[in-house]
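**Q** The structure that follows is given in the form of structure tokens.
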There are 2 protein chains.
Amino acid sequence: MLMDPQELLSLCKRRGFLWPAYDIYGSVAGLYDYGPLGAALKNNIENYWRKLYVLGEGFQEISCPVVAPEPVFKASGHVDAFSDMYVECASCGETYRADHLAAGLHDNPASLSEERLGKLLKDKDVRCLECKGELTAPRRFNLMFKTSLGAGKGKTAYLRPETAQGMFVNFSQIYRYGRESLPVGAVQIGRSFRNEISPRQGLLRLREFSMMEAELFVHPQEKSWPGFKNVRHEKLSLVPNEGAPRTMALEEAVKSKVIVNEALAYFIWLTHKFAVDIGMDPKRLRFRQHGKTEMAHYAADCWDLEAEIGYGWVEMVGIADRGSYDVQAHIDHSGADLTAFERFDEPKEVEQEVVKPNFGALGPQYKGKAKQVAEALSKMSASAAKGKSEVLVDVGGEKLRVPASCFEVILKREKVAGRKLVPHVIEPSYGVDRILYAVLDHSYSKKDDYVTLRLKGLVAPIKVGIFPLMAKDGLDEIASGISDAVSKAGFAAYYDDSGSIGRRYARMDEVGTPCCVTVDYDTKTDGTVTMRERDSTKQIRIKQGLVPKAIEALISGAGLESLSKLK
Amino acid sequence: MLMDPQELLSLCKRRGFLWPAYDIYGSVAGLYDYGPLGAALKNNIENYWRKLYVLGEGFQEISCPVVAPEPVFKASGHVDAFSDMYVECASCGETYRADHLAAGLHDNPASLSEERLGKLLKDKDVRCLECKGELTAPRRFNLMFKTSLGAGKGKTAYLRPETAQGMFVNFSQIYRYGRESLPVGAVQIGRSFRNEISPRQGLLRLREFSMMEAELFVHPQEKSWPGFKNVRHEKLSLVPNEGAPRTMALEEAVKSKVIVNEALAYFIWLTHKFAVDIGMDPKRLRFRQHGKTEMAHYAADCWDLEAEIGYGWVEMVGIADRGSYDVQAHIDHSGADLTAFERFDEPKEVEQEVVKPNFGALGPQYKGKAKQVAEALSKMSASAAKGKSEVLVDVGGEKLRVPASCFEVILKREKVAGRKLVPHVIEPSYGVDRILYAVLDHSYSKKDDYVTLRLKGLVAPIKVGIFPLMAKDGLDEIASGISDAVSKAGFAAYYDDSGSIGRRYARMDEVGTPCCVTVDYDTKTDGTVTMRERDSTKQIRIKQGLVPKAIEALISGAGLESLSKLK
């Protein structure tokens, strides 16, 4: 049975996971605040991801600004193509995603032109959902938030719609930090922005959201990853774009070309591990391959991790082999040499395309700078110049546009130590907010109106509830002392001395706290406390000094029984 | 001797702490990328702060969007007053902070009107620093990045210039989560934005930066904090706005009214502890009290933590008692009831100001809604209505502006169980980027061109360098195994097998790695490795299996000698 999103969101708001942002000013669609429990849950999810990718796989974490100047998104294609169509109500001014209004009227309304979609809406007499007013013709709306850098006229800038571009534009820095070898990976965790026309659906479609993105730069002909050999026999539930859904071992999936290469297969597996470790239900997860028409033209392969939640099957993570598209786009637009160097085992005689400066044309045009321009041209990768009407070169910090008359791309035979290559990119891209939502959805359980959030200890915002049986006779002081010791050990504790113990358990169960500790009168005589595990509701007594260790053990997955062996 | 910022920034760029953002597109002033070492250092600083405030002091961490609708910053005063003056070069278009150009020509050029500052610049014939062109008259420029929410006309929105407002507008949620008692604290760590006119000075003046802000909501007459009693004898170096700089115990500073209250004093102390723990040099830290004219009119007291770095004495943290200003501003602008409730020990007869609806005026104006409006008015705090020409009330989700003719503020004598009060705010506000810069500055040391960054283990981006003496004979495999074990234990390790061991030590010393482990031929026979401590350059041999524990001990401040006792 699917979890009703309203019921879950209501718990989230009531208990401090989520608050509608700017509520006192009427709130804003698509913007949420994370309250204390939500922020902690989000931090825990992000930190575990960081542990997997940075400590585990050796990816470099970088952190770029969210504000970026226009050329970055001109190159990435977002300025020209990142848009939706909207219509406005002529009477009340309400705006709508035009393709959403045409759902059911056409197979793929988003693929229609503004004119055809407008005609369809008019023919079917679609009107404002609020006031039945007439709708304007559909118009394209770029989904990036636009702003301006600097005073006066300023420079057009945008809030990034994804964190990925920050890693593409820094490829050379990442490659150098990685000691100039491929594969090399970078990650970024941070906010991204999409100025959605009319966001609904809680955490699934936000105007401001968090992403965790990894970019693995690989050799175009060697798309593998060291860890693959250790997991090649692991099985995953796959929904390929041809043939029936199936459960398959990774190695078999790569051999039979269901998954395009080992690197992609490895990160599909890592994504599965991540999702299960943070508490998603493996029975409600699947990897769906993009259909051939759905995939970007440059992508070699693309899989989504989908989770079944109250809204249906929803994309959580996309894992794509994007080829050289992104890096090549920035080479083309910036003129920078974003290539890796492949050193041959021994120098080779090769025939390769190179850029040859045309001195006859350069001299008159660039005068004193002609020699520098020629040098810059010679260093360019041929792919950045071939077929272009002009190229950008950097001469002592100055960017010059050089027309095609000033160079040609020729085939040259020479002995070389290696060659430049534009890296391909394997991109696992995670939507944090929807992952957080799915974790809550899959953790929610209710029995006779008693709600238990079965969050794993790894991600639970509060690790332990600490209760004095009575807030007197020194029990409160003992409990406070335990609470301080637990906090000092780095675990979030929640001290609670109000209401019956049962009521206090209920409060902790509802927010996913994996265990509770109660201090009673026996504690004063024998120094032991009661430790209760949320999911089994079993209890044992342990020495109060062992509480921090016991919490650590429970979070790492040890059973309650094993705690009696702690020392 | 002060550290040359150029030398430090050059190290930062070369070694992967910082990269100029969007460098391939010519970079943008005031925007930096954190490379792998910078991002890790920043995470470590933020996580330690989080540990102090959230785990240590029990503050609630929340996380709000950076995009906010205009009314939020209308209320906070930023729309009207958060601006600088700029001038533009009529020839080359370069823009400048007008007051910066007038430095030395006037005591406080920022305090002048546009006209007077313009006249001053003209009289002194100040010209464009680039091309000597003429400058335009000074104009005010709002420093918030402006954007728009939603399609069509959209709603004006801004990128937050500080994280604080997210906590003020959520006071009621924070208060409820904190079980409706004062004091209650919230924190936020995240990006903020200021569209600086012409940012220079590296990390000190960024257009996009990170803040860690805490807001402690306190009872207006009880500005204390439980931890104060434990630190009251601690001494700090204070520069009060009257009298000579002095070193004073906190208790004495509060008693003699040098610091206005205990809560403020406590967070000044906590800020000092934080700064020293992350590696700032206590001899180059001081707390400077804002001058009486420098302080905001509503502030009861304000102290800056200043650090002496290559740029001179620079503000790192501001710690202010902001009174009720911020919360009251949002009460006034939103009509929301952002008050705490103080329950008296027993019901009291009091005379207090209340809002009394004027039914004669309400009826004709609000018809069917008059009763609801009257109820909403009765519930308002008198302070939000007194002297106002109109007030905002919320009637079933609809915001109505109610003119003063519809209510009056009267004195009423009645028996009450308690009273509403607008909380005061103690705000410690930390600039992450400049703190990170100061940590690097204070850690930098150079002897005969050999650079050592003496970063503390707590914040060091890499905790250990791991080297096989030779990349063969199985030494490399042993070293890789140790590296994996260290990573699994949660510590960032850097495996390096190239160049002499001395060269590898130097690489790690330069980026602040506190220790290195070398695997040599003895390791194969007796299972021990050499562990070298950066600052003492001393070495001991320990069992290879103990390396993770040894790193943990070193980071926690244990001496190298003590490691021989590890088991």
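In the structure tokens, the first chain shown is A, the next is B, and so on; residue numbers restart at 1 for each chain, and ligands run from 1 in the order shown.
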As a VMD selection string, please: every residue in stretch 179-327 of chain A that a backbone DSSP assignment puts in helix (DSSP H, G or I).
**A** chain A and resid 202 to 204 228 to 231 250 to 255 262 to 277 282 to 284 325 to 327
**Q** For A:Cys128, please output as a ChimeraX atom specification all residues within 6 Å (counting only C-alpha atoms; exclusion window: fewer than 4 positions along the same chain).
**A** /A:89,132-133
**Q** Give me the residues within 7 Å of stretch 56-71 of chain B as a VMD selection string, counting only C-alpha atoms and dropping any in the same chain fewer than 3 places off.
**A** (chain A and resid 31 to 36 39 208 487) or (chain B and resid 51 to 53 74 to 75 156 to 160 166 185 to 188)
**Q** Give me a file of those residues, with N, CA, C and O atoms, as a tab-separated table (two decimals), in the first residue's frame.
**A**
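Writing done, so here's out34.tsv:
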```tsv
chain	number	residue	atom	x	y	z
A	31	LEU	N	9.45	25.99	-2.08
A	31	LEU	CA	10.53	26.30	-1.13
A	31	LEU	C	10.16	25.75	0.24
A	31	LEU	O	9.08	26.02	0.76
A	32	TYR	N	11.06	24.97	0.82
A	32	TYR	CA	10.86	24.43	2.15
A	32	TYR	C	12.05	24.76	3.04
A	32	TYR	O	13.17	24.91	2.56
A	33	ASP	N	11.78	24.88	4.33
A	33	ASP	CA	12.85	24.89	5.32
A	33	ASP	C	13.00	23.49	5.88
A	33	ASP	O	12.00	22.79	6.09
A	34	TYR	N	14.23	23.08	6.14
A	34	TYR	CA	14.43	21.89	6.93
A	34	TYR	C	14.50	22.31	8.40
A	34	TYR	O	15.34	23.13	8.77
A	35	GLY	N	13.60	21.76	9.20
A	35	GLY	CA	13.65	21.99	10.64
A	35	GLY	C	14.76	21.14	11.24
A	35	GLY	O	15.51	20.47	10.52
A	36	PRO	N	14.90	21.16	12.57
A	36	PRO	CA	16.03	20.48	13.22
A	36	PRO	C	16.16	19.01	12.84
A	36	PRO	O	17.27	18.53	12.62
A	39	ALA	N	17.04	18.78	8.94
A	39	ALA	CA	18.42	19.21	8.64
A	39	ALA	C	19.41	18.14	9.09
A	39	ALA	O	20.38	17.85	8.39
A	208	GLU	N	14.36	25.29	-5.09
A	208	GLU	CA	15.73	25.25	-4.56
A	208	GLU	C	15.90	23.89	-3.90
A	208	GLU	O	15.09	23.51	-3.06
A	487	SER	N	26.45	13.17	23.92
A	487	SER	CA	26.72	14.29	23.01
A	487	SER	C	28.22	14.44	22.79
A	487	SER	O	28.67	14.68	21.67
B	51	LYS	N	29.41	20.78	15.97
B	51	LYS	CA	29.55	19.96	17.17
B	51	LYS	C	29.44	20.83	18.43
B	51	LYS	O	28.75	20.48	19.38
B	52	LEU	N	30.11	21.99	18.41
B	52	LEU	CA	30.06	22.87	19.57
B	52	LEU	C	28.65	23.40	19.82
B	52	LEU	O	28.15	23.36	20.93
B	53	TYR	N	28.02	23.89	18.77
B	53	TYR	CA	26.72	24.56	18.96
B	53	TYR	C	25.55	23.60	19.06
B	53	TYR	O	24.64	23.79	19.86
B	74	LYS	N	12.24	43.28	3.09
B	74	LYS	CA	11.60	44.56	3.35
B	74	LYS	C	11.53	44.72	4.87
B	74	LYS	O	11.91	45.74	5.44
B	75	ALA	N	11.08	43.67	5.53
B	75	ALA	CA	10.95	43.70	7.00
B	75	ALA	C	12.31	43.85	7.67
B	75	ALA	O	12.46	44.63	8.62
B	156	THR	N	9.24	39.46	-7.13
B	156	THR	CA	10.61	39.87	-6.82
B	156	THR	C	11.15	39.04	-5.66
B	156	THR	O	10.45	38.81	-4.67
B	157	ALA	N	12.38	38.59	-5.80
B	157	ALA	CA	13.01	37.81	-4.75
B	157	ALA	C	14.49	38.18	-4.69
B	157	ALA	O	15.01	38.82	-5.61
B	158	TYR	N	15.13	37.82	-3.59
B	158	TYR	CA	16.55	38.12	-3.42
B	158	TYR	C	17.29	36.89	-2.92
B	158	TYR	O	16.69	35.99	-2.32
B	159	LEU	N	18.59	36.86	-3.15
B	159	LEU	CA	19.43	35.88	-2.48
B	159	LEU	C	19.78	36.45	-1.12
B	159	LEU	O	20.20	37.61	-1.02
B	160	ARG	N	19.62	35.65	-0.09
B	160	ARG	CA	19.82	36.16	1.27
B	160	ARG	C	21.24	36.72	1.46
B	160	ARG	O	22.21	36.11	1.02
B	166	GLY	N	16.24	33.61	8.18
B	166	GLY	CA	15.54	32.32	8.17
B	166	GLY	C	15.19	31.85	9.58
B	166	GLY	O	14.20	31.16	9.78
B	185	GLY	N	17.85	28.17	21.15
B	185	GLY	CA	18.79	28.61	20.12
B	185	GLY	C	18.64	27.84	18.83
B	185	GLY	O	18.29	26.66	18.83
B	186	ALA	N	18.91	28.51	17.74
B	186	ALA	CA	18.93	27.86	16.43
B	186	ALA	C	20.19	28.28	15.70
B	186	ALA	O	20.74	29.35	15.96
B	187	VAL	N	20.66	27.43	14.81
B	187	VAL	CA	21.82	27.78	14.00
B	187	VAL	C	21.54	27.43	12.55
B	187	VAL	O	20.69	26.61	12.23
B	188	GLN	N	22.29	28.08	11.70
B	188	GLN	CA	22.25	27.75	10.29
B	188	GLN	C	23.64	27.90	9.71
B	188	GLN	O	24.35	28.86	10.02
```
**Q** May I have all residues of stretch 331-466 of chain B that DSSP, computed from the backbone, assigns to strand (DSSP E), given as number ranges by chain?
**A** B: 340-357, 390-395, 398-403, 407-421, 424-431, 444-447, 450-453, 464-466
**Q** Nearest to chain B among A:Val486, A:Val258, A:Leu411, A:Leu440, with distances taken over only C-alpha atoms: which residue is it?
**A**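 Closest residue, counting only C-alpha atoms: A:Val486.
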**Q** Would you mind reading off the distance between atom CA of B:Lys379 and atom CA of B:Asp321, one decimal, in Å?
**A**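 A separation of 27.9 Å between them.
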**Q** Interatomic distance between atom CA of A:Gln201 and atom CA of A:Gly30?
**A**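 Atom-to-atom, atom CA of A:Gln201 to atom CA of A:Gly30, that is 8.5 Å.
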**Q** Looking at B:Cys131, B:Ala382, B:Ala137, B:Leu400, which one is nearest to A:Gly26, with distances taken over only C-alpha atoms?
**A**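 Under the stated criterion, the closest residue is B:Leu400.
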**Q** Taking only C-alpha atoms into account, name the residue in B:Tyr48, B:Tyr450, B:Phe82, B:Tyr437 that is nearest to chain A.
**A**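 Checking each candidate against chain A, we get B:Tyr48 as the closest.
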**Q** Between B:Thr513, B:Thr523, B:Ser27, B:Thr452, which residue has the minimum interatomic distance to B:Ile551, considering only C-alpha atoms?
**A**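 Among the listed residues, the smallest separation from B:Ile551 belongs to B:Thr513.
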**Q** Can you tell me which residues surround stretch 368-378 of chain B at a distance of at most 10 Å, considering only C-alpha atoms, apart from same-chain residues fewer than 6 positions away, and format the answer as a PyMOL selection string?
**A** chain B and resi 335+354-362+385+391-396+400+402+406-409
**Q** Please identify all polymer residues within 6 Å of stretch 538-548 of chain A, counting only C-alpha atoms, omitting same-chain residues fewer than 5 positions from it, and present them as a tab-separated table (two decimals) with N, CA and C atoms, in the first residue's frame.
**A**
```tsv
chain	number	residue	atom	x	y	z
A	486	VAL	N	26.87	11.30	25.97
A	486	VAL	CA	26.51	10.85	24.63
A	486	VAL	C	26.82	11.93	23.60
A	527	GLY	N	23.80	1.40	39.24
A	527	GLY	CA	24.46	2.07	38.11
A	527	GLY	C	24.05	1.57	36.74
A	528	THR	N	22.94	0.84	36.64
A	528	THR	CA	22.50	0.39	35.32
A	528	THR	C	21.29	1.18	34.85
A	529	VAL	N	21.10	1.21	33.56
A	529	VAL	CA	19.95	1.89	32.96
A	529	VAL	C	19.25	0.90	32.02
A	530	THR	N	18.01	1.23	31.67
A	530	THR	CA	17.29	0.40	30.71
A	530	THR	C	17.53	0.95	29.32
A	531	MET	N	17.92	0.07	28.41
A	531	MET	CA	18.08	0.49	27.03
A	531	MET	C	17.02	-0.24	26.21
A	532	ARG	N	16.24	0.53	25.47
A	532	ARG	CA	15.16	-0.04	24.68
A	532	ARG	C	15.42	0.20	23.21
A	533	GLU	N	15.28	-0.86	22.43
A	533	GLU	CA	15.48	-0.78	20.99
A	533	GLU	C	14.12	-0.51	20.34
```
**Q** Extract, using only C-alpha atoms, all DNA, RNA and protein residues at most 10 Å from A:Lys229, discarding same-chain residues fewer than 2 positions from it, and format them as a PyMOL selection string.
**A** chain A and resi 224-227+231-233+250-251+262+266
**Q** Hey, which of B:Val28, B:Leu566, B:Leu117, B:Ala329 ends up closest to chain A? Count only C-alpha atoms.
**A**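 So, comparing all the options, the nearest one is B:Val28.
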**Q** As a ChimeraX atom specification, please: the residues near B:Leu436 (cut-off 10 Å, only C-alpha atoms, same-chain neighbours under 4 positions excluded).
**A** /B:38,41-42,45-46,203,278-280,316,431-432,440-441,459
**Q** Suppose you want the space between atom CA of B:Thr136 and atom CA of B:Ala90; what is it in Å?
**A**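 According to the coordinates, atom CA of B:Thr136 and atom CA of B:Ala90 are separated by 6.3 Å.
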**Q** Which of these residues is nearest to chain A, using only C-alpha atoms: B:Asp337, B:Asp281, B:Glu308, B:Asp80?
**A** B:Asp337
